[in-house]
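This is structure-v1.cif. It holds mmCIF, C-alpha atoms (C1' of nucleotides).
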```cif
data_model
loop_
_atom_site.label_atom_id
_atom_site.label_comp_id
_atom_site.auth_asym_id
_atom_site.auth_seq_id
_atom_site.Cartn_x
_atom_site.Cartn_y
_atom_site.Cartn_z
CA MET A 147 59.91 -36.10 18.94
CA LEU A 148 58.07 -34.02 21.46
CA SER A 149 60.70 -31.37 20.97
CA ILE A 150 59.58 -30.85 17.39
CA LEU A 151 56.08 -30.02 18.50
CA GLN A 152 57.52 -27.80 21.20
CA GLU A 153 59.61 -25.92 18.68
CA TYR A 154 56.62 -25.52 16.44
CA LEU A 155 54.55 -24.17 19.31
CA ALA A 156 57.31 -21.91 20.57
CA ASP A 157 57.44 -20.37 17.13
CA LYS A 158 53.75 -19.53 17.21
CA ILE A 159 52.76 -18.78 20.78
CA VAL A 160 54.20 -18.17 24.22
CA LEU A 161 53.78 -21.03 26.68
CA SER A 162 54.74 -21.40 30.31
CA GLU A 163 56.80 -24.33 31.49
CA LYS A 164 53.70 -25.71 33.12
CA GLU A 165 51.65 -25.43 29.96
CA LEU A 166 54.34 -27.16 27.96
CA LEU A 167 54.34 -30.00 30.43
CA LEU A 168 50.60 -30.23 30.19
CA ILE A 169 50.82 -30.57 26.44
CA ASP A 170 53.58 -33.16 26.75
CA SER A 171 51.56 -35.14 29.21
CA VAL A 172 48.82 -35.81 26.67
CA SER A 173 51.01 -36.23 23.61
CA ILE A 174 51.34 -39.73 22.23
CA VAL A 175 54.46 -40.14 20.16
CA LYS A 176 54.22 -42.62 17.36
CA LYS A 177 56.39 -43.81 14.53
CA ILE A 178 54.80 -45.18 11.42
CA ARG A 179 56.39 -46.63 8.39
CA LYS A 180 55.73 -45.93 4.76
CA LYS A 181 52.36 -47.35 3.69
CA GLN A 182 51.31 -48.08 7.25
CA PHE A 183 47.75 -47.09 8.02
CA LEU A 184 46.68 -44.77 10.81
CA LEU A 185 43.01 -44.86 9.95
CA GLU A 186 40.93 -47.04 7.69
CA ALA A 187 37.59 -46.06 6.23
CA GLY A 188 34.81 -47.12 8.56
CA GLU A 189 36.73 -46.47 11.75
CA VAL A 190 36.14 -43.44 13.93
CA TRP A 191 39.03 -41.00 14.15
CA LYS A 192 39.78 -39.99 17.74
CA TYR A 193 42.78 -37.67 17.62
CA ASN A 194 44.32 -34.46 16.60
CA ALA A 195 47.56 -35.41 14.98
CA PHE A 196 50.73 -33.50 14.27
CA VAL A 197 53.51 -34.50 11.89
CA CYS A 198 57.00 -34.17 13.38
CA LYS A 199 58.73 -35.85 10.50
CA GLY A 200 57.63 -37.49 7.30
CA LEU A 201 54.60 -37.18 5.11
CA ILE A 202 51.05 -38.34 5.67
CA LYS A 203 48.16 -38.60 3.28
CA THR A 204 44.41 -38.68 3.79
CA PHE A 205 42.47 -40.31 0.99
CA SER A 206 39.36 -42.16 -0.05
CA VAL A 207 39.09 -45.23 -2.22
CA ASP A 208 36.17 -45.42 -4.60
CA LYS A 209 34.34 -48.50 -5.76
CA ASP A 210 36.73 -48.93 -8.70
CA GLY A 211 39.63 -49.01 -6.26
CA LYS A 212 40.85 -45.57 -7.24
CA GLU A 213 42.42 -43.34 -4.64
CA HIS A 214 41.39 -39.73 -4.21
CA ILE A 215 43.67 -37.73 -2.00
CA ILE A 216 42.08 -35.23 0.33
CA ASN A 217 45.27 -33.94 1.85
CA PHE A 218 49.01 -34.19 2.14
CA SER A 219 50.43 -33.45 5.59
CA PRO A 220 54.18 -32.90 5.87
CA GLU A 221 56.21 -31.89 8.92
CA ASN A 222 54.65 -29.23 11.11
CA TYR A 223 51.18 -29.83 9.84
CA TRP A 224 48.17 -31.07 11.72
CA PHE A 225 45.96 -33.71 10.22
CA GLY A 226 43.05 -36.01 10.92
CA ASP A 227 39.47 -36.45 9.83
CA ARG A 228 37.65 -33.55 11.41
CA GLU A 229 34.24 -34.78 10.41
CA SER A 230 34.71 -38.18 11.98
CA LEU A 231 36.36 -36.63 15.02
CA ILE A 232 33.68 -34.08 15.74
CA ASN A 233 30.62 -36.15 14.93
CA ASN A 234 31.97 -39.46 16.18
CA THR A 235 31.00 -41.03 12.89
CA PRO A 236 32.80 -43.66 10.82
CA SER A 237 35.32 -42.03 8.56
CA LYS A 238 34.99 -42.09 4.80
CA PHE A 239 38.75 -41.76 4.56
CA ASN A 240 41.97 -43.62 5.04
CA ILE A 241 45.12 -42.13 6.46
CA ASP A 242 48.53 -43.59 5.82
CA ALA A 243 52.16 -42.59 5.50
CA ILE A 244 53.87 -41.72 2.23
CA GLU A 245 57.24 -41.68 4.00
CA ASN A 246 58.40 -43.21 7.25
CA SER A 247 57.05 -40.69 9.70
CA GLU A 248 57.00 -39.59 13.28
CA ILE A 249 53.82 -38.12 14.57
CA ILE A 250 52.15 -36.98 17.74
CA LEU A 251 48.61 -37.95 18.59
CA ILE A 252 46.49 -36.08 21.09
CA LYS A 253 43.20 -37.61 22.06
CA LYS A 254 40.11 -35.58 21.34
CA GLU A 255 39.26 -35.01 25.02
CA ASP A 256 42.82 -34.13 25.88
CA PHE A 257 42.96 -31.72 23.01
CA GLN A 258 39.76 -30.05 24.15
CA MET A 259 41.24 -29.82 27.61
CA LEU A 260 44.33 -28.10 26.20
CA CYS A 261 42.18 -25.62 24.32
CA HIS A 262 40.25 -24.93 27.48
CA GLU A 263 43.24 -24.64 29.79
CA ILE A 264 45.58 -22.74 27.49
CA PRO A 265 43.95 -19.76 25.78
CA SER A 266 46.89 -19.12 23.48
CA PHE A 267 46.74 -22.73 22.35
CA ASN A 268 43.09 -22.29 21.62
CA ASN A 269 43.84 -19.20 19.57
CA LEU A 270 46.48 -21.03 17.63
CA VAL A 271 44.07 -23.81 16.85
CA ASN A 272 41.54 -21.33 15.54
CA THR A 273 44.13 -19.56 13.47
CA ILE A 274 45.15 -22.84 11.92
CA LEU A 275 41.54 -23.63 11.18
CA GLN A 276 41.12 -20.25 9.50
CA LYS A 277 44.15 -20.88 7.36
CA SER A 278 43.10 -24.42 6.49
CA PHE A 279 39.78 -23.06 5.37
CA MET A 280 41.37 -20.45 3.16
CA VAL A 281 43.64 -23.04 1.62
CA SER A 282 40.72 -25.30 0.91
CA GLN A 283 38.75 -22.43 -0.63
CA SER A 284 41.59 -21.77 -2.96
CA ARG A 285 41.80 -25.44 -3.86
CA ILE A 286 38.11 -25.40 -4.70
CA HIS A 287 38.64 -22.37 -6.84
CA ALA A 288 41.42 -24.07 -8.77
CA SER A 289 39.40 -27.22 -9.06
CA ILE A 290 36.37 -25.61 -10.67
CA SER A 291 38.24 -23.02 -12.73
CA PHE A 292 41.39 -24.56 -14.11
CA SER A 293 42.27 -27.01 -16.86
CA ALA A 294 44.30 -30.07 -15.96
CA GLU A 295 47.47 -28.31 -17.04
CA LYS A 296 46.78 -25.22 -14.95
CA LYS A 297 45.84 -27.35 -11.95
CA TYR A 298 49.14 -29.14 -12.18
CA GLN A 299 51.15 -25.96 -12.71
CA ASN A 300 49.33 -24.31 -9.85
CA PHE A 301 50.14 -27.25 -7.61
CA LEU A 302 53.84 -27.06 -8.47
CA ASP A 303 53.86 -23.32 -7.91
CA SER A 304 52.02 -23.55 -4.60
CA ASN A 305 53.95 -26.53 -3.29
CA PRO A 306 57.41 -26.38 -4.81
CA VAL A 307 59.02 -28.31 -1.96
CA LEU A 308 56.33 -30.92 -1.45
CA ALA A 309 56.05 -31.60 -5.14
CA ASN A 310 59.31 -33.50 -5.41
CA ARG A 311 58.57 -35.68 -2.43
CA ILE A 312 55.28 -36.87 -3.83
CA PRO A 313 55.02 -39.40 -6.64
CA GLN A 314 53.29 -38.06 -9.67
CA HIS A 315 50.37 -40.43 -9.54
CA MET A 316 49.56 -39.13 -6.08
CA ILE A 317 49.64 -35.55 -7.26
CA GLY A 318 47.17 -36.73 -9.85
CA ALA A 319 44.99 -38.34 -7.22
CA TYR A 320 45.07 -35.06 -5.32
CA LEU A 321 44.14 -32.94 -8.31
CA GLY A 322 41.66 -35.29 -9.93
CA ILE A 323 43.88 -35.98 -12.94
CA THR A 324 45.30 -39.27 -14.20
CA PRO A 325 49.06 -39.85 -14.05
CA GLU A 326 49.14 -40.30 -17.83
CA THR A 327 47.69 -36.85 -18.31
CA ILE A 328 50.35 -35.39 -16.05
CA THR A 329 53.05 -37.10 -18.07
CA ARG A 330 51.65 -35.53 -21.22
CA ILE A 331 51.42 -32.13 -19.62
CA ARG A 332 55.06 -32.37 -18.63
CA ARG A 333 56.17 -33.55 -22.02
CA ASN A 334 54.26 -31.01 -23.90
CA PRO A 335 53.60 -27.86 -21.91
CA LYS A 336 51.63 -25.20 -23.72
CA LYS A 337 54.14 -22.45 -24.42
CA MET B 293 16.18 -7.18 9.90
CA LEU B 294 18.18 -7.21 13.07
CA SER B 295 15.56 -9.51 14.51
CA ILE B 296 16.49 -12.21 12.03
CA LEU B 297 20.08 -12.23 13.21
CA GLN B 298 18.81 -12.19 16.80
CA GLU B 299 16.62 -15.18 16.16
CA TYR B 300 19.49 -17.00 14.53
CA LEU B 301 21.74 -16.25 17.47
CA ALA B 302 19.09 -17.15 20.04
CA ASP B 303 18.80 -20.51 18.38
CA LYS B 304 22.50 -21.20 18.77
CA ILE B 305 23.69 -19.52 21.94
CA VAL B 306 22.45 -17.76 25.06
CA LEU B 307 22.95 -14.02 25.10
CA SER B 308 22.16 -11.41 27.74
CA GLU B 309 20.13 -8.36 26.87
CA LYS B 310 23.28 -6.32 27.08
CA GLU B 311 25.17 -8.57 24.71
CA LEU B 312 22.34 -8.46 22.24
CA LEU B 313 22.42 -4.70 22.32
CA LEU B 314 26.14 -4.74 21.79
CA ILE B 315 25.70 -6.85 18.71
CA ASP B 316 22.92 -4.62 17.45
CA SER B 317 25.04 -1.55 17.98
CA VAL B 318 27.63 -2.70 15.44
CA SER B 319 25.28 -4.30 12.94
CA ILE B 320 24.82 -2.47 9.68
CA VAL B 321 21.58 -3.40 8.01
CA LYS B 322 21.64 -3.27 4.25
CA LYS B 323 19.30 -4.11 1.42
CA ILE B 324 20.68 -5.05 -1.92
CA ARG B 325 18.92 -5.83 -5.11
CA LYS B 326 19.40 -8.70 -7.47
CA LYS B 327 22.68 -8.33 -9.37
CA GLN B 328 23.89 -5.54 -7.15
CA PHE B 329 27.52 -5.89 -6.14
CA LEU B 330 28.77 -5.92 -2.57
CA LEU B 331 32.38 -6.46 -3.50
CA GLU B 332 34.29 -6.26 -6.73
CA ALA B 333 37.57 -8.02 -7.41
CA GLY B 334 40.44 -5.78 -6.43
CA GLU B 335 38.70 -4.22 -3.46
CA VAL B 336 39.46 -5.19 0.10
CA TRP B 337 36.63 -6.87 1.99
CA LYS B 338 36.10 -5.36 5.43
CA TYR B 339 33.16 -7.17 6.97
CA ASN B 340 31.61 -10.26 8.31
CA ALA B 341 28.28 -10.48 6.63
CA PHE B 342 25.11 -12.34 7.47
CA VAL B 343 22.19 -13.02 5.15
CA CYS B 344 18.80 -12.27 6.69
CA LYS B 345 16.89 -12.76 3.50
CA GLY B 346 17.77 -13.56 -0.06
CA LEU B 347 20.70 -15.25 -1.72
CA ILE B 348 24.25 -14.06 -2.21
CA LYS B 349 26.98 -15.44 -4.38
CA THR B 350 30.76 -15.13 -4.23
CA PHE B 351 32.53 -15.69 -7.52
CA SER B 352 35.53 -14.99 -9.68
CA VAL B 353 35.61 -14.00 -13.32
CA ASP B 354 38.41 -15.43 -15.43
CA LYS B 355 40.09 -13.80 -18.40
CA ASP B 356 37.54 -15.30 -20.79
CA GLY B 357 34.79 -13.64 -18.80
CA LYS B 358 33.58 -16.90 -17.30
CA GLU B 359 32.20 -16.94 -13.80
CA HIS B 360 33.32 -19.47 -11.23
CA ILE B 361 31.19 -19.55 -8.13
CA ILE B 362 32.96 -20.03 -4.83
CA ASN B 363 29.87 -20.01 -2.68
CA PHE B 364 26.17 -19.55 -2.41
CA SER B 365 24.94 -17.91 0.79
CA PRO B 366 21.23 -18.07 1.56
CA GLU B 367 19.38 -16.89 4.67
CA ASN B 368 21.09 -17.56 7.97
CA TYR B 369 24.49 -17.98 6.40
CA TRP B 370 27.58 -15.88 6.91
CA PHE B 371 29.66 -14.85 3.96
CA GLY B 372 32.55 -12.69 2.87
CA ASP B 373 36.05 -13.12 1.57
CA ARG B 374 38.01 -14.39 4.55
CA GLU B 375 41.34 -14.15 2.81
CA SER B 376 40.91 -10.51 1.88
CA LEU B 377 39.44 -9.74 5.29
CA ILE B 378 42.20 -11.29 7.32
CA ASN B 379 45.17 -10.28 5.21
CA ASN B 380 43.83 -6.90 4.16
CA THR B 381 44.58 -7.81 0.58
CA PRO B 382 42.63 -7.05 -2.60
CA SER B 383 40.03 -9.70 -3.18
CA LYS B 384 40.15 -12.04 -6.12
CA PHE B 385 36.40 -12.38 -5.89
CA ASN B 386 33.18 -10.59 -6.54
CA ILE B 387 30.14 -10.77 -4.33
CA ASP B 388 26.66 -9.97 -5.57
CA ALA B 389 23.05 -10.87 -4.98
CA ILE B 390 21.19 -13.58 -6.86
CA GLU B 391 17.93 -12.43 -5.29
CA ASN B 392 16.91 -9.17 -3.68
CA SER B 393 18.43 -9.57 -0.27
CA GLU B 394 18.69 -8.15 3.17
CA ILE B 395 21.96 -8.52 4.93
CA ILE B 396 23.82 -7.41 8.01
CA LEU B 397 27.38 -6.21 7.86
CA ILE B 398 29.66 -6.10 10.86
CA LYS B 399 32.98 -4.36 10.46
CA LYS B 400 36.06 -6.46 11.02
CA GLU B 401 37.12 -4.59 14.16
CA ASP B 402 33.62 -4.63 15.60
CA PHE B 403 33.36 -8.32 14.91
CA GLN B 404 36.64 -8.95 16.69
CA MET B 405 35.36 -6.91 19.57
CA LEU B 406 32.22 -9.05 19.74
CA CYS B 407 34.31 -12.21 19.75
CA HIS B 408 36.41 -10.77 22.52
CA GLU B 409 33.56 -9.47 24.64
CA ILE B 410 31.15 -12.34 24.20
CA PRO B 411 32.71 -15.77 24.70
CA SER B 412 29.69 -17.65 23.50
CA PHE B 413 29.71 -15.59 20.33
CA ASN B 414 33.34 -16.49 19.83
CA ASN B 415 32.53 -20.15 20.27
CA LEU B 416 29.74 -19.92 17.76
CA VAL B 417 32.07 -18.31 15.24
CA ASN B 418 34.56 -21.12 15.66
CA THR B 419 31.90 -23.74 15.35
CA ILE B 420 30.74 -22.18 12.12
CA LEU B 421 34.28 -22.11 10.85
CA GLN B 422 34.66 -25.80 11.69
CA LYS B 423 31.53 -26.59 9.80
CA SER B 424 32.47 -24.46 6.82
CA PHE B 425 35.74 -26.28 6.64
CA MET B 426 34.10 -29.67 6.68
CA VAL B 427 31.69 -28.61 3.97
CA SER B 428 34.51 -27.37 1.83
CA GLN B 429 36.47 -30.59 2.36
CA SER B 430 33.53 -32.54 1.14
CA ARG B 431 33.20 -30.27 -1.87
CA ILE B 432 36.84 -30.90 -2.69
CA HIS B 433 36.25 -34.59 -2.39
CA ALA B 434 33.35 -34.45 -4.81
CA SER B 435 35.28 -32.24 -7.14
CA ILE B 436 38.26 -34.56 -7.53
CA SER B 437 36.33 -37.84 -7.37
CA PHE B 438 33.08 -37.47 -9.23
CA SER B 439 32.00 -37.30 -12.85
CA ALA B 440 29.96 -34.31 -14.00
CA GLU B 441 26.79 -36.30 -13.54
CA LYS B 442 27.64 -37.37 -10.02
CA LYS B 443 28.69 -33.85 -9.09
CA TYR B 444 25.37 -32.55 -10.24
CA GLN B 445 23.39 -35.30 -8.53
CA ASN B 446 25.39 -34.79 -5.37
CA PHE B 447 24.63 -31.09 -5.47
CA LEU B 448 20.91 -31.71 -5.82
CA ASP B 449 20.98 -34.24 -3.01
CA SER B 450 22.97 -32.00 -0.70
CA ASN B 451 21.09 -28.81 -1.48
CA PRO B 452 17.55 -29.82 -2.38
CA VAL B 453 16.07 -26.50 -1.33
CA LEU B 454 18.72 -24.22 -2.72
CA ALA B 455 18.80 -26.05 -6.03
CA ASN B 456 15.51 -24.68 -7.26
CA ARG B 457 16.36 -21.13 -6.39
CA ILE B 458 19.53 -21.15 -8.40
CA PRO B 459 19.60 -20.99 -12.20
CA GLN B 460 21.23 -23.99 -13.78
CA HIS B 461 24.10 -22.13 -15.31
CA MET B 462 25.09 -20.94 -11.85
CA ILE B 463 25.01 -24.45 -10.48
CA GLY B 464 27.32 -25.25 -13.36
CA ALA B 465 29.61 -22.37 -12.47
CA TYR B 466 29.68 -23.69 -8.92
CA LEU B 467 30.50 -27.25 -9.93
CA GLY B 468 32.85 -26.51 -12.78
CA ILE B 469 30.47 -27.84 -15.44
CA THR B 470 28.93 -26.09 -18.42
CA PRO B 471 25.17 -25.46 -18.48
CA GLU B 472 24.89 -27.51 -21.67
CA THR B 473 26.35 -30.52 -19.92
CA ILE B 474 23.83 -30.14 -17.12
CA THR B 475 21.01 -30.04 -19.64
CA ARG B 476 22.30 -33.29 -21.14
CA ILE B 477 22.64 -34.92 -17.76
CA ARG B 478 19.05 -34.02 -16.97
CA ARG B 479 17.75 -35.22 -20.29
CA ASN B 480 19.62 -38.44 -20.21
CA PRO B 481 20.38 -39.62 -16.70
CA LYS B 482 22.28 -42.87 -16.49
CA LYS B 483 19.77 -45.31 -15.06
"C1'" DC C 194 3.76 -7.73 -24.51
"C1'" DG C 195 9.01 -6.80 -25.32
"C1'" DA C 196 13.34 -7.57 -23.46
"C1'" DT C 197 16.19 -10.14 -21.02
"C1'" DT C 198 17.68 -14.19 -19.04
"C1'" DC C 199 17.84 -18.97 -19.05
"C1'" DT C 200 17.65 -23.47 -21.19
"C1'" DT C 201 17.89 -26.62 -24.82
"C1'" DT C 202 19.72 -28.58 -29.17
"C1'" DG C 203 22.96 -30.35 -32.50
"C1'" DA C 204 27.34 -30.88 -34.62
"C1'" DA C 205 32.12 -30.58 -34.21
"C1'" DA C 206 36.28 -30.30 -31.60
"C1'" DA C 207 39.10 -30.48 -27.61
"C1'" DC C 208 40.30 -32.55 -23.63
"C1'" DA C 209 41.17 -36.01 -20.49
"C1'" DG C 210 40.64 -40.91 -19.39
"C1'" DT C 211 41.42 -45.90 -20.35
"C1'" DC C 212 44.05 -49.80 -21.38
"C1'" DA C 213 48.03 -52.36 -22.23
"C1'" DA C 214 52.70 -52.50 -22.91
"C1'" DT C 215 57.21 -50.91 -22.08
"C1'" DC C 216 60.71 -48.44 -19.77
"C1'" DT C 217 63.08 -46.65 -15.61
"C1'" DG C 218 64.70 -46.32 -11.28
"C1'" DT C 219 65.10 -47.97 -6.63
"C1'" DG C 220 65.32 -50.79 -2.64
"C1'" DT C 221 65.82 -55.22 -0.58
"C1'" DG C 222 67.09 -59.79 0.41
"C1'" DG C 223 70.15 -63.33 -0.62
"C1'" DC D 68 77.09 -56.32 -4.31
"C1'" DC D 69 74.16 -58.17 -7.50
"C1'" DA D 70 69.73 -59.63 -9.16
"C1'" DC D 71 65.31 -59.33 -8.90
"C1'" DA D 72 61.00 -57.46 -7.77
"C1'" DC D 73 58.28 -53.64 -7.48
"C1'" DA D 74 56.66 -49.12 -7.72
"C1'" DG D 75 56.43 -45.42 -10.67
"C1'" DA D 76 56.60 -43.14 -15.21
"C1'" DT D 77 56.01 -43.06 -20.02
"C1'" DT D 78 53.98 -44.23 -24.59
"C1'" DG D 79 50.61 -44.92 -28.20
"C1'" DA D 80 46.17 -45.96 -29.80
"C1'" DC D 81 41.69 -45.63 -28.68
"C1'" DT D 82 37.48 -44.21 -26.30
"C1'" DG D 83 34.49 -41.39 -24.02
"C1'" DT D 84 33.19 -37.38 -21.73
"C1'" DT D 85 32.76 -32.61 -21.65
"C1'" DT D 86 33.33 -28.22 -23.95
"C1'" DT D 87 32.56 -25.07 -27.59
"C1'" DC D 88 29.87 -22.53 -30.70
"C1'" DA D 89 25.84 -21.00 -32.76
"C1'" DA D 90 21.14 -21.00 -32.97
"C1'" DA D 91 16.60 -21.53 -31.46
"C1'" DG D 92 13.17 -22.20 -27.88
"C1'" DA D 93 11.17 -21.36 -23.07
"C1'" DA D 94 10.48 -18.79 -19.24
"C1'" DT D 95 10.43 -14.75 -16.47
"C1'" DC D 96 9.94 -9.94 -15.28
"C1'" DG D 97 8.96 -5.25 -15.48
#
```
Since I need it in another form, could you write the structure as structure tokens?
Amino acid sequence: MLSILQEYLADKIVLSEKELLLIDSVSIVKKIRKKQFLLEAGEVWKYNAFVCKGLIKTFSVDKDGKEHIINFSPENYWFGDRESLINNTPSKFNIDAIENSEIILIKKEDFQMLCHEIPSFNNLVNTILQKSFMVSQSRIHASISFSAEKKYQNFLDSNPVLANRIPQHMIGAYLGITPETITRIRRNPKK
Amino acid sequence: MLSILQEYLADKIVLSEKELLLIDSVSIVKKIRKKQFLLEAGEVWKYNAFVCKGLIKTFSVDKDGKEHIINFSPENYWFGDRESLINNTPSKFNIDAIENSEIILIKKEDFQMLCHEIPSFNNLVNTILQKSFMVSQSRIHASISFSAEKKYQNFLDSNPVLANRIPQHMIGAYLGITPETITRIRRNPKK
DNA sequence: CGATTCTTTGAAAACAGTCAATCTGTGTGG
DNA sequence: CCACACAGATTGACTGTTTTCAAAGAATCG
């Protein structure tokens, strides 16, 4: 699975053989099965994680037992709980797999080392952060501006591929809409 | 007003006299009055901007003329439309002042130059980006998980100082709640 | 002041959520 | 390969929250 990360990196930045080896040397390959947890609320998250294959979700569970999904992470996406990672605080979130998945974990210190040793890697990381931030801004915008129907339509339009890998009730949990409402939107779209 | 930015920077990183001068040399000081626009939807945003004094808001206006507020930026905060800035695309947002304000603008290219020339400045920028991202994640979480009342309470708790500088209808526009609903929440808090 | 902006109110309507039951499809173990 | 269990989706009736609209009342500012 290391090769998937390598391909991803090769597509974004130029790395020497030595740098690639350095990255490999700190990469922990891991397979997890559907519904298996990577992080449970209360634990401290220690890694930067990359999805080689599969689909990961980050979510919270409220006191009524309802899930609220912070993020979906498919292949070639990084994930983790940044807040817990950076502040060394117990996470408010859970992370588990929606599909059987193969991921790479890089320990916080190792990841920092990579950023320090490999300037282009560091740039990539910052670029990704920039993009993540823009995506999250646009999600906020949708969230405060749109009706349930528009939120759902917007999700389908923005994530056409992802949408048919994710059960409807999870899309709901991501958008803040109940699955029943989504059913009704689908049955009875306005116009 | 340059001194405010200098103070802010001095508090976060160590800068040589020369570096400070470099920053000064590309800083454009600007005063804007309440309700004055810095950016209108459709224009391309060209700067990184820092608030020395006052309060800035970034918002969209939908087809019904309703405002949706993306961000409030008080003193010592950076603002701008990152998406428009980075992609050189017309902004979907407007930026104006809630209070008479004093700000510093740094042109995109100059800002990149600063990041390139001053490593500690670059680090600071990335740290801020990290933090902005975490804040926006937590706003997303609130937005998909909480009732109107909890959103409002959470806003007051998270922004006790800001809250009494911002008219209620703008807090509503930030949270995705009508001002009437906020009035009712205040009149009739549950427990 | 006078004008503007902001907040509050009430009544009605729209929207989305809840609950419980049923239906559907899928995957797994025997 | 079938049967069963289970997860997911749909339905309908109902409830509750939030919005809408219009009007009136505060508060603020020049």
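Take atom CA of A:Glu221 and atom CA of A:Cys261: the distance between them is 21.8 Å.
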Counting only C-alpha atoms, which residue out of B:Thr473, B:Asn415, B:Ser435, B:Asn340 sits closest to chain A? B:Ser435
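Taken over the shown file, the PyMOL selection byres ((chain A) within 12 of (chain C)) identifies Ser293, Ala294, Glu295, Gly322, Ile323, Thr324, Pro325, Glu326, Thr327, Ile328, Arg330 and Ile331 of chain A.
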Translate the PyMOL selection byres ((chain D) within 10 of (chain B)), as applied to the file shown, into an explicit residue set as number ranges by chain. D: 84-87
What would the selection look like, as a short mmCIF file (atom, residue, chain, number, x, y, z; two decimals) with C-alpha atoms, in the coordinates of the input, if the PyMOL selection byres ((chain B) within 8 of (chain A)) were run on the coordinates I just shared?
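Output below, filename selection03.cif:
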```cif
data_model
loop_
_atom_site.label_atom_id
_atom_site.label_comp_id
_atom_site.auth_asym_id
_atom_site.auth_seq_id
_atom_site.Cartn_x
_atom_site.Cartn_y
_atom_site.Cartn_z
CA HIS B 360 33.32 -19.47 -11.23
CA ILE B 362 32.96 -20.03 -4.83
CA ARG B 374 38.01 -14.39 4.55
CA GLU B 375 41.34 -14.15 2.81
CA ASN B 418 34.56 -21.12 15.66
CA LEU B 421 34.28 -22.11 10.85
CA GLN B 422 34.66 -25.80 11.69
CA SER B 424 32.47 -24.46 6.82
CA PHE B 425 35.74 -26.28 6.64
CA MET B 426 34.10 -29.67 6.68
CA SER B 428 34.51 -27.37 1.83
CA GLN B 429 36.47 -30.59 2.36
CA ARG B 431 33.20 -30.27 -1.87
CA ILE B 432 36.84 -30.90 -2.69
CA HIS B 433 36.25 -34.59 -2.39
CA SER B 435 35.28 -32.24 -7.14
CA ILE B 436 38.26 -34.56 -7.53
CA SER B 437 36.33 -37.84 -7.37
CA ALA B 465 29.61 -22.37 -12.47
CA TYR B 466 29.68 -23.69 -8.92
CA LEU B 467 30.50 -27.25 -9.93
CA GLY B 468 32.85 -26.51 -12.78
CA ILE B 469 30.47 -27.84 -15.44
#
```
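Among the candidates B:Ala341, B:Ala455, B:Ile315, B:Ile390, the one nearest to B:Met405 when counting all atoms listed in the file is B:Ile315.
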Just give me the gap between atom CA of A:Leu251 and atom CA of A:Leu270 in Å, one decimal is fine. 17.1 Å
If you count all atoms listed in the file, which residues fall within 7 Å of A:Tyr154, apart from same-chain ones fewer than 4 positions away, as a count of residues only? 3
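The set of protein, DNA and RNA residues with any counted atom at most 12 Å from (31.0, -12.5, 23.3) (all atoms listed in the file) reads Leu301, Ile305, Val306, Leu307, Ser308, Lys310, Glu311, Leu312, Leu313, Leu314, Ile315, Asp402, Phe403, Gln404, Met405, Leu406, Cys407, His408, Glu409, Ile410, Pro411, Ser412, Phe413, Asn414, Asn415, Leu416 and Val417 of chain B.
Straight-line separation from atom CA of B:Thr350 to atom CA of B:Arg325: 15.1 Å.
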